[in-house]
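Trainee: Below is the file run_20.csv, with CSV, C-alpha atoms.
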```
chain,number,residue,atom,x,y,z
A,29,MET,CA,21.9,-5.8,14.7
A,30,GLU,CA,21.6,-3.2,12.0
A,31,ILE,CA,21.6,-4.1,8.4
A,32,VAL,CA,20.4,-0.9,6.8
A,33,SER,CA,22.2,1.9,8.4
A,34,LEU,CA,20.5,5.2,9.2
A,35,ASN,CA,21.8,7.1,6.2
A,36,GLN,CA,20.7,4.6,3.7
A,37,ILE,CA,17.2,5.2,2.4
A,38,SER,CA,16.5,1.7,1.0
A,39,PRO,CA,17.7,-1.9,1.6
A,40,ASP,CA,18.6,-2.0,-2.1
A,41,GLN,CA,21.8,-0.3,-1.2
A,42,VAL,CA,22.9,-3.2,1.0
A,43,ILE,CA,24.7,-5.6,-1.3
A,44,LEU,CA,25.1,-9.0,0.4
A,45,TRP,CA,26.6,-11.0,-2.5
A,46,SER,CA,27.5,-10.2,-6.1
A,47,TRP,CA,28.9,-12.2,-9.0
A,48,ARG,CA,29.4,-10.4,-12.2
A,49,PHE,CA,26.0,-8.8,-13.1
A,50,ILE,CA,24.0,-10.9,-10.6
A,51,VAL,CA,23.6,-8.9,-7.4
A,52,ILE,CA,21.8,-10.2,-4.3
A,53,ASN,CA,20.8,-7.2,-2.1
A,54,ALA,CA,19.0,-7.2,1.2
A,55,THR,CA,15.6,-6.6,-0.5
A,56,ILE,CA,15.8,-9.7,-2.6
A,57,LEU,CA,17.0,-11.9,0.3
A,58,TYR,CA,14.2,-10.8,2.6
A,59,THR,CA,11.6,-11.0,-0.2
A,60,TRP,CA,12.7,-14.6,-0.7
A,61,LEU,CA,12.5,-15.2,3.1
A,62,VAL,CA,8.9,-13.9,3.3
A,63,MET,CA,7.9,-15.9,0.2
A,64,ALA,CA,9.5,-19.0,1.8
A,65,ILE,CA,7.6,-18.5,5.1
A,66,LEU,CA,4.3,-18.1,3.3
A,67,VAL,CA,4.8,-21.0,0.9
A,68,VAL,CA,6.2,-23.5,3.3
A,69,GLY,CA,3.8,-22.5,6.0
A,70,SER,CA,0.7,-22.9,3.9
A,71,TRP,CA,2.1,-26.1,2.4
A,72,PHE,CA,2.6,-27.6,5.9
A,73,ILE,CA,-0.9,-26.5,7.1
A,74,THR,CA,-2.8,-27.6,4.0
A,75,ARG,CA,-1.2,-31.1,3.9
A,76,HIS,CA,-3.6,-32.4,6.5
A,77,LEU,CA,-6.9,-30.6,5.7
A,78,SER,CA,-10.0,-32.2,7.1
A,79,SER,CA,-13.7,-31.5,7.1
A,80,GLU,CA,-14.4,-33.5,10.2
A,81,MET,CA,-15.4,-32.0,13.6
A,82,ASN,CA,-11.9,-31.9,15.0
A,83,VAL,CA,-9.9,-29.5,12.8
A,84,SER,CA,-6.3,-28.6,13.6
A,85,ARG,CA,-5.8,-25.2,15.0
A,86,TRP,CA,-3.6,-24.1,12.1
A,87,GLN,CA,-6.3,-25.0,9.7
A,88,HIS,CA,-8.7,-22.8,11.8
A,89,PHE,CA,-6.2,-20.0,11.5
A,90,LEU,CA,-6.0,-20.1,7.7
A,91,GLU,CA,-9.7,-20.5,7.4
A,92,VAL,CA,-10.4,-17.4,9.5
A,93,ILE,CA,-7.9,-15.4,7.4
A,94,ILE,CA,-9.3,-16.6,4.0
A,95,SER,CA,-12.9,-16.1,5.1
A,96,ILE,CA,-12.2,-12.6,6.3
A,97,ILE,CA,-10.6,-11.7,3.0
A,98,ARG,CA,-13.4,-13.3,1.0
A,99,GLY,CA,-16.0,-11.4,3.0
A,100,GLU,CA,-14.3,-8.1,2.5
A,101,ILE,CA,-14.0,-8.6,-1.2
A,102,SER,CA,-17.5,-9.9,-1.7
A,103,GLU,CA,-18.9,-6.9,0.0
A,104,MET,CA,-17.1,-4.7,-2.5
A,105,THR,CA,-17.9,-6.4,-5.8
A,106,LYS,CA,-21.3,-7.9,-5.1
A,107,SER,CA,-20.4,-10.6,-7.6
A,108,GLY,CA,-18.4,-13.6,-6.6
A,109,ALA,CA,-15.2,-13.0,-4.7
A,110,ASP,CA,-13.4,-16.1,-5.8
A,111,ARG,CA,-11.9,-14.5,-8.9
A,112,TYR,CA,-10.1,-11.8,-6.9
A,113,VAL,CA,-9.1,-13.7,-3.8
A,114,PRO,CA,-5.9,-15.1,-5.3
A,115,LEU,CA,-4.5,-11.7,-6.3
A,116,VAL,CA,-5.8,-9.4,-3.5
A,117,GLY,CA,-5.3,-12.0,-0.8
A,118,THR,CA,-1.8,-12.7,-1.9
A,119,LEU,CA,-1.0,-9.0,-1.9
A,120,PHE,CA,-2.4,-8.6,1.6
A,121,LEU,CA,-0.7,-11.6,3.1
A,122,PHE,CA,2.7,-10.7,1.6
A,123,ILE,CA,2.6,-7.1,2.7
A,124,CYS,CA,1.2,-8.0,6.1
A,125,VAL,CA,3.8,-10.7,6.8
A,126,SER,CA,6.7,-8.6,5.7
A,127,ASN,CA,5.5,-5.6,7.7
A,128,VAL,CA,4.8,-7.6,10.9
A,129,LEU,CA,8.1,-9.5,10.8
A,130,VAL,CA,9.9,-6.2,11.4
A,131,ILE,CA,9.8,-6.9,15.1
A,132,VAL,CA,12.2,-9.8,14.5
A,133,PRO,CA,15.7,-8.4,15.0
A,134,GLY,CA,17.8,-8.4,11.9
A,135,PHE,CA,14.8,-8.5,9.6
A,136,VAL,CA,14.4,-5.7,7.1
A,137,ALA,CA,10.9,-5.3,5.6
A,138,PRO,CA,11.2,-5.7,1.8
A,139,THR,CA,8.3,-3.2,1.6
A,140,SER,CA,10.6,-0.5,2.9
A,141,SER,CA,12.3,-0.6,-0.6
A,142,MET,CA,10.7,1.3,-3.4
A,143,THR,CA,11.4,-1.5,-5.9
A,144,THR,CA,9.2,-4.0,-4.0
A,145,THR,CA,6.3,-1.6,-3.7
A,146,ALA,CA,6.7,-0.5,-7.3
A,147,ALA,CA,6.5,-4.2,-8.4
A,148,LEU,CA,3.4,-4.8,-6.3
A,149,ALA,CA,1.7,-1.7,-7.7
A,150,THR,CA,2.6,-2.8,-11.2
A,151,CYS,CA,0.8,-6.0,-10.5
A,152,VAL,CA,-2.3,-4.1,-9.7
A,153,PHE,CA,-1.8,-1.8,-12.7
A,154,ILE,CA,-1.8,-4.9,-15.0
A,155,ALA,CA,-4.5,-6.7,-13.1
A,156,VAL,CA,-7.1,-3.8,-13.5
A,157,PRO,CA,-7.3,-4.0,-17.3
A,158,PHE,CA,-7.0,-7.8,-17.2
A,159,TYR,CA,-10.0,-8.2,-15.0
A,160,GLY,CA,-11.9,-5.4,-16.7
A,161,ILE,CA,-11.4,-6.9,-20.2
A,162,SER,CA,-12.0,-10.5,-19.2
A,163,ARG,CA,-15.3,-9.4,-17.5
A,164,ASN,CA,-16.7,-6.8,-19.9
A,165,GLY,CA,-14.8,-7.3,-23.1
A,166,LEU,CA,-12.2,-5.1,-24.8
A,167,PHE,CA,-14.7,-2.7,-26.3
A,168,HIS,CA,-16.5,-1.9,-23.1
A,169,TYR,CA,-13.3,-1.5,-21.2
A,170,VAL,CA,-11.7,0.9,-23.8
A,171,ARG,CA,-15.0,2.8,-24.1
A,172,GLU,CA,-14.7,3.7,-20.4
A,173,TYR,CA,-11.6,5.8,-21.2
A,174,PHE,CA,-13.7,8.0,-23.5
A,175,GLN,CA,-16.5,8.8,-21.0
A,176,PRO,CA,-18.2,11.3,-20.9
A,177,ASN,CA,-16.4,12.3,-24.1
A,178,PHE,CA,-13.1,11.9,-25.9
A,179,ILE,CA,-11.5,15.0,-24.2
A,180,PHE,CA,-11.2,13.0,-21.0
A,181,PHE,CA,-9.0,10.3,-22.4
A,182,PRO,CA,-5.7,11.8,-21.2
A,183,PHE,CA,-7.1,12.4,-17.8
A,184,HIS,CA,-8.2,8.8,-17.5
A,185,VAL,CA,-4.7,7.6,-18.5
A,186,MET,CA,-3.1,10.1,-16.1
A,187,GLY,CA,-5.4,8.8,-13.3
A,188,GLU,CA,-4.3,5.2,-13.9
A,189,LEU,CA,-0.6,6.2,-13.8
A,190,SER,CA,-0.9,8.5,-10.8
A,191,ARG,CA,-2.8,6.0,-8.7
A,192,THR,CA,-0.1,3.4,-9.4
A,193,LEU,CA,2.5,5.9,-8.3
A,194,ALA,CA,0.4,6.7,-5.2
A,195,LEU,CA,0.1,3.0,-4.3
A,196,THR,CA,3.9,2.7,-4.6
A,197,VAL,CA,4.9,5.7,-2.7
A,198,ARG,CA,2.2,5.3,0.1
A,199,LEU,CA,3.4,1.8,1.2
A,200,PHE,CA,7.1,2.7,0.7
A,201,GLY,CA,6.8,6.0,2.6
A,202,ASN,CA,4.9,4.6,5.5
A,203,ILE,CA,7.2,1.6,6.2
A,204,MET,CA,10.4,3.4,5.4
A,205,SER,CA,9.4,6.5,7.5
A,206,HIS,CA,8.6,4.2,10.4
A,207,GLU,CA,12.0,2.5,10.2
A,208,LYS,CA,13.8,5.9,10.1
A,209,VAL,CA,11.8,7.3,13.0
A,210,VAL,CA,12.6,4.3,15.2
A,211,GLY,CA,16.2,4.6,14.2
A,212,ILE,CA,16.4,8.2,15.1
A,213,LEU,CA,14.5,7.7,18.4
A,214,LEU,CA,16.9,4.9,19.3
A,215,ALA,CA,19.7,7.4,19.1
A,216,VAL,CA,17.9,10.2,21.0
A,217,THR,CA,15.8,8.4,23.7
A,218,PRO,CA,16.9,4.7,24.0
A,219,PHE,CA,14.9,1.8,25.3
A,220,LEU,CA,11.3,2.7,26.3
A,221,PHE,CA,10.1,5.1,23.7
A,222,PRO,CA,11.3,3.2,20.6
A,223,VAL,CA,9.4,0.2,21.9
A,224,VAL,CA,6.2,2.1,21.9
A,225,MET,CA,6.9,3.3,18.4
A,226,GLN,CA,7.6,-0.3,17.3
A,227,ILE,CA,4.1,-1.3,18.6
A,228,LEU,CA,2.6,1.6,16.7
A,229,GLY,CA,4.6,0.4,13.7
A,230,LEU,CA,2.9,-3.0,13.8
A,231,LEU,CA,-0.5,-1.3,13.7
A,232,ILE,CA,0.6,0.9,10.8
A,233,GLY,CA,2.0,-2.1,9.0
A,234,VAL,CA,-1.2,-4.1,9.2
A,235,ILE,CA,-3.3,-1.1,8.3
A,236,GLN,CA,-1.1,-0.3,5.3
A,237,ALA,CA,-1.5,-3.9,4.1
A,238,TYR,CA,-5.2,-3.6,4.5
A,239,ILE,CA,-5.3,-0.3,2.6
A,240,PHE,CA,-3.1,-1.7,-0.2
A,241,ALA,CA,-5.4,-4.7,-0.7
A,242,ILE,CA,-8.6,-2.6,-0.3
A,243,LEU,CA,-7.4,0.1,-2.8
A,244,SER,CA,-6.3,-2.5,-5.4
A,245,MET,CA,-9.8,-4.1,-5.0
A,246,VAL,CA,-11.4,-0.7,-5.4
A,247,TYR,CA,-9.5,-0.1,-8.6
A,248,ILE,CA,-10.4,-3.5,-9.9
A,249,ALA,CA,-14.0,-3.0,-9.0
A,250,SER,CA,-14.0,0.4,-10.7
A,251,ALA,CA,-13.0,-1.3,-13.9
A,252,LEU,CA,-15.8,-3.9,-13.4
A,253,SER,CA,-18.7,-1.9,-12.1
A,254,ALA,CA,-19.1,0.3,-15.2
A,255,GLU,CA,-20.9,-2.5,-16.9
A,256,ASP,CA,-23.2,-3.0,-13.9
A,257,GLU,CA,-24.1,0.7,-13.8
A,258,VAL,CA,-25.0,0.7,-17.5
A,259,HIS,CA,-27.1,-2.3,-16.9
A,260,HIS,CA,-28.8,-0.7,-13.9
A,261,THR,CA,-29.7,2.5,-15.8
A,262,GLU,CA,-31.0,0.5,-18.7
A,263,THR,CA,-33.3,-1.5,-16.5
A,264,ASN,CA,-34.4,1.6,-14.8
A,265,LYS,CA,-35.3,3.2,-18.1
A,266,GLU,CA,-37.2,0.1,-19.1
A,267,GLY,CA,-39.0,0.2,-15.8
A,268,VAL,CA,-40.0,3.8,-16.3
A,269,SER,CA,-41.1,3.3,-19.9
A,270,ALA,CA,-43.1,0.2,-19.0
B,27,MET,CA,29.6,31.1,1.5
B,28,ASP,CA,30.7,28.5,-1.0
B,29,SER,CA,28.3,26.5,-3.1
B,30,ILE,CA,28.5,23.3,-1.1
B,31,SER,CA,27.1,24.9,2.0
B,32,ILE,CA,24.5,26.8,0.1
B,33,VAL,CA,23.2,23.5,-1.4
B,34,ALA,CA,23.4,21.8,2.1
B,35,MET,CA,21.5,24.6,3.7
B,36,ALA,CA,18.9,24.9,1.0
B,37,SER,CA,18.3,21.1,1.2
B,38,ILE,CA,17.9,21.0,4.9
B,39,PHE,CA,15.6,24.0,5.0
B,40,GLY,CA,13.7,22.7,2.0
B,41,ALA,CA,13.2,19.3,3.8
B,42,ALA,CA,12.0,21.0,7.0
B,43,LEU,CA,9.6,23.3,5.2
B,44,ALA,CA,8.3,20.4,3.1
B,45,MET,CA,7.5,18.4,6.2
B,46,ALA,CA,6.1,21.4,8.1
B,47,ILE,CA,3.8,22.8,5.5
B,48,GLY,CA,3.1,19.5,3.8
B,49,SER,CA,1.8,17.8,7.0
B,50,LEU,CA,-0.4,20.7,7.9
B,51,GLY,CA,-3.1,20.3,5.2
B,52,PRO,CA,-3.4,16.6,5.4
B,53,GLY,CA,-3.6,16.8,9.2
B,54,LEU,CA,-6.5,19.2,9.0
B,55,GLY,CA,-8.2,17.1,6.3
B,56,MET,CA,-7.8,13.8,8.1
B,57,GLY,CA,-9.2,15.3,11.3
B,58,GLN,CA,-12.2,16.6,9.3
B,59,ALA,CA,-12.7,13.2,7.6
B,60,ILE,CA,-12.5,11.3,10.9
B,61,SER,CA,-14.9,13.6,12.7
B,62,GLN,CA,-17.5,13.4,9.9
B,63,ALA,CA,-17.1,9.6,9.8
B,64,LEU,CA,-17.6,9.3,13.5
B,65,ALA,CA,-20.7,11.4,13.3
B,66,ALA,CA,-22.0,9.2,10.5
B,67,ILE,CA,-21.2,6.0,12.5
B,68,ALA,CA,-23.0,7.4,15.5
B,69,GLN,CA,-26.1,8.2,13.4
B,70,GLN,CA,-26.1,4.8,11.6
B,71,PRO,CA,-24.3,2.1,13.5
B,72,ASP,CA,-25.6,-0.5,11.1
B,73,GLU,CA,-23.5,1.0,8.2
B,74,ARG,CA,-20.4,0.7,10.3
B,75,ASN,CA,-18.5,-1.6,8.0
B,76,SER,CA,-18.9,0.2,4.7
B,77,LEU,CA,-18.3,3.6,6.5
B,78,THR,CA,-15.1,2.3,8.1
B,79,ARG,CA,-13.8,1.0,4.8
B,80,THR,CA,-14.6,4.2,2.9
B,81,LEU,CA,-13.0,6.1,5.8
B,82,PHE,CA,-9.8,4.1,5.5
B,83,VAL,CA,-9.6,4.5,1.7
B,84,GLY,CA,-10.2,8.2,2.0
B,85,LEU,CA,-7.6,8.5,4.8
B,86,ALA,CA,-5.1,6.7,2.6
B,87,MET,CA,-5.7,9.1,-0.2
B,88,ILE,CA,-5.3,12.1,2.1
B,89,GLU,CA,-2.3,10.6,3.8
B,90,SER,CA,-0.5,10.0,0.5
B,91,ILE,CA,-0.1,13.8,0.1
B,92,ALA,CA,1.8,14.0,3.4
B,93,ILE,CA,3.8,10.9,2.3
B,94,TYR,CA,4.8,12.6,-0.9
B,95,CYS,CA,6.2,15.5,1.1
B,96,PHE,CA,8.0,13.1,3.4
B,97,VAL,CA,9.6,11.2,0.6
B,98,ILE,CA,10.7,14.4,-1.0
B,99,SER,CA,12.3,15.6,2.2
B,100,MET,CA,13.9,12.2,2.7
B,101,ILE,CA,15.4,12.4,-0.9
B,102,LEU,CA,16.6,16.0,-0.1
B,103,ILE,CA,18.4,14.8,3.0
B,104,PHE,CA,19.6,11.2,2.2
B,105,ALA,CA,19.8,11.0,-1.6
B,106,ASN,CA,20.2,14.6,-2.7
B,107,PRO,CA,20.5,14.7,-6.5
B,108,PHE,CA,22.2,18.1,-6.4
B,109,TRP,CA,25.3,16.8,-4.6
B,110,GLY,CA,26.4,15.2,-7.8
B,111,HIS,CA,26.7,18.5,-9.6
B,112,ILE,CA,28.7,20.1,-6.8
B,113,ILE,CA,31.0,17.4,-5.7
B,114,LYS,CA,33.1,16.1,-8.6
```
Can the structure from this file be put into structure tokens for me?
Mentor:
Amino acid sequence: MEIVSLNQISPDQVILWSWRFIVINATILYTWLVMAILVVGSWFITRHLSSEMNVSRWQHFLEVIISIIRGEISEMTKSGADRYVPLVGTLFLFICVSNVLVIVPGFVAPTSSMTTTAALATCVFIAVPFYGISRNGLFHYVREYFQPNFIFFPFHVMGELSRTLALTVRLFGNIMSHEKVVGILLAVTPFLFPVVMQILGLLIGVIQAYIFAILSMVYIASALSAEDEVHHTETNKEGVSA
Amino acid sequence: MDSISIVAMASIFGAALAMAIGSLGPGLGMGQAISQALAAIAQQPDERNSLTRTLFVGLAMIESIAIYCFVISMILIFANPFWGHIIK
């Protein structure tokens, strides 16, 4: 079952249903599918939460995932992971589920479309100043753009924009390239070799989800840690002078 | 040779060259990065977690260069913007 044919670069080009200016393409449909799986799944699991000794196995499953995400984040920020778990954890879960479900026949990963990845990267692009300003205040956040002096302002802005572009293109390129490679191999050497590539693709999908989440956390932490560094140097100076 | 075949030939050769040259540098760089990280992990196994995370972030940065080349070659092959000027 092939929904996106080999000469189409993105599932945006597959139009399933359209009425006047409302167009439902394959990307939107499969994004909704992944969202539904995540929302309904977590709703079913969290209906019967218990803190007793006998915990259901699905609750164990969710607790393991959440505690791993929290552990990773708290290692990077050193200050309370709970603020960042909703955003970064959601990004990770969405990308991971949509990449892993590729093994289901007929499923097209929404992350193989550049619009989805651009939307996710835009979330990170907005979240970085949001967390930075809400933690350090507007003045400290804007002052970081003029460090070490005002000449560097355009470079900071370019850095923000280019890393958003890099986030977009990295995820899109990895997932889309893997789909194309499997499609081409299926035409050249059928059966065994594409299966090996599919297994490799699962690994790549999980690693890309991890990398996306870690990079967005690194960007958020870079907007936060400036204040901490200033604080550290000031305390060091005080220590030296005292 | 008419202009359509010139554009087709240039796109195909451009895509092949972009992949060939563009994956060379990142391949060398990623090999260097992984070997250094392995040496560091072998020296300090306790720092394994932070080393691995930094390695992954760095690899993602290096890899994105190769991914840019790949996306450009994909655009040249599948969604070539120059066809619009030729075929009217």
Trainee: Wanna dump the chain A-chain B contacts at 12 Å for me, each residue with its shortest atom pair and the distance in Å to one decimal, counting only C-alpha atoms, ordered by chain and number, as CSV?
Mentor:
```
residue,atom,partner,partner_atom,distance
A:Ser33,CA,B:Phe104,CA,11.5
A:Leu34,CA,B:Phe104,CA,9.3
A:Asn35,CA,B:Phe104,CA,6.1
A:Gln36,CA,B:Phe104,CA,6.9
A:Ile37,CA,B:Phe104,CA,6.5
A:Ser38,CA,B:Phe104,CA,10.1
A:Gln41,CA,B:Ala105,CA,11.5
A:Gly99,CA,B:Asn75,CA,11.3
A:Glu100,CA,B:Arg79,CA,9.4
A:Ile101,CA,B:Arg79,CA,11.3
A:Glu103,CA,B:Ser76,CA,8.5
A:Met104,CA,B:Ser76,CA,8.9
A:Ser140,CA,B:Val97,CA,12.0
A:Met142,CA,B:Val97,CA,10.7
A:Ser190,CA,B:Ser90,CA,11.4
A:Arg191,CA,B:Met87,CA,9.5
A:Thr192,CA,B:Ser90,CA,11.9
A:Leu193,CA,B:Ser90,CA,10.2
A:Ala194,CA,B:Ser90,CA,6.6
A:Leu195,CA,B:Ser90,CA,8.5
A:Thr196,CA,B:Ser90,CA,9.9
A:Val197,CA,B:Tyr94,CA,7.1
A:Arg198,CA,B:Ser90,CA,5.4
A:Leu199,CA,B:Ser90,CA,9.1
A:Phe200,CA,B:Val97,CA,8.9
A:Gly201,CA,B:Ile93,CA,5.8
A:Asn202,CA,B:Ile93,CA,7.2
A:Ile203,CA,B:Ile93,CA,10.6
A:Met204,CA,B:Val97,CA,9.2
A:Ser205,CA,B:Phe96,CA,7.9
A:His206,CA,B:Phe96,CA,11.3
A:Lys208,CA,B:Met100,CA,9.7
A:Val209,CA,B:Met100,CA,11.6
A:Ile232,CA,B:Ala86,CA,11.5
A:Ile235,CA,B:Phe82,CA,8.8
A:Gln236,CA,B:Ala86,CA,8.5
A:Ala237,CA,B:Ala86,CA,11.3
A:Tyr238,CA,B:Phe82,CA,9.0
A:Ile239,CA,B:Val83,CA,6.5
A:Phe240,CA,B:Ala86,CA,9.1
A:Ala241,CA,B:Val83,CA,10.4
A:Ile242,CA,B:Val83,CA,7.4
A:Leu243,CA,B:Val83,CA,6.7
A:Ser244,CA,B:Val83,CA,10.5
A:Met245,CA,B:Val83,CA,10.9
A:Val246,CA,B:Val83,CA,9.0
A:Tyr247,CA,B:Val83,CA,11.3
```
Trainee: For CA of Leu213 (chain A) and CA of Leu61 (chain A), quote the distance in Å rounded to one decimal.
Mentor: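 Value for the CA of Leu213 (chain A)-CA of Leu61 (chain A) distance: 27.6 Å.
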Trainee: Take CA of Leu54 (chain B) and CA of Arg74 (chain B) and report the distance between them in Å, one decimal.
Mentor: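 We find that CA of Leu54 (chain B) and CA of Arg74 (chain B) lie 23.2 Å from each other.
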Trainee: Restricting the calculation to all atoms listed in the file: of A:Val32, A:Val132, A:Pro39, A:Phe120, which residue gets closest to Ile52 (chain A)?
Mentor: A:Pro39
Trainee: May I ask which of the residues B:Ala36, B:Ile88, B:Ala42, B:Ala68 is the closest one to Gly55 (chain B), counting only C-alpha atoms?
Mentor: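 Selected residue with least distance to Gly55 (chain B): B:Ile88.
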Trainee: Which residue gives the smallest distance to Arg111 (chain A) among A:Thr139, A:Pro133, A:Leu214, A:Gly160, with all atoms listed in the file counted?
Mentor: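 Using all atoms listed in the file, the shortest distance to Arg111 (chain A) belongs to A:Gly160.
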Trainee: Quick one: of B:Met27, B:Gly48, B:Leu81, B:His111, who's nearest to Ile67 (chain B), counting all atoms listed in the file?
Mentor: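 Once distances to Ile67 (chain B) are computed over all atoms listed in the file, the minimum belongs to B:Leu81.
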Trainee: Write out as an MDAnalysis selection string which residues come within 10 Å of Thr118 (chain A) when counting all atoms listed in the file, dropping same-chain ones fewer than 5 positions away.
Mentor: chainID A and resid 66 112:113 123:124 241
Trainee: Tell me which of B:Ala34, B:Asp72, B:Asp28, B:Ser49 sits closest to Phe108 (chain B), counting only C-alpha atoms.
Mentor: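 Among B:Ala34, B:Asp72, B:Asp28, B:Ser49, it is B:Ala34 that comes nearest to Phe108 (chain B).
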Trainee: Quick one: everything within 12 Å of Pro222 (chain A), counting all atoms listed in the file, minus sequence neighbours fewer than 2 positions away in the same chain. Send it as a VMD selection string.
Mentor: chain A and resid 131 206 to 220 224 to 229
Trainee: Have a look at A:Val185, A:Ile65, A:Val152, A:Val223 and name the one nearest to Leu121 (chain A); count only C-alpha atoms.
Mentor: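 Between A:Val185, A:Ile65, A:Val152, A:Val223, the residue approaching Leu121 (chain A) most closely is A:Ile65.
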Trainee: Enter the distance from CA of Ala46 (chain B) to CA of Ser99 (chain B), in Å, rounded to one decimal.
Mentor: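 Calculated distance between CA of Ala46 (chain B) and CA of Ser99 (chain B) is 10.3 Å.
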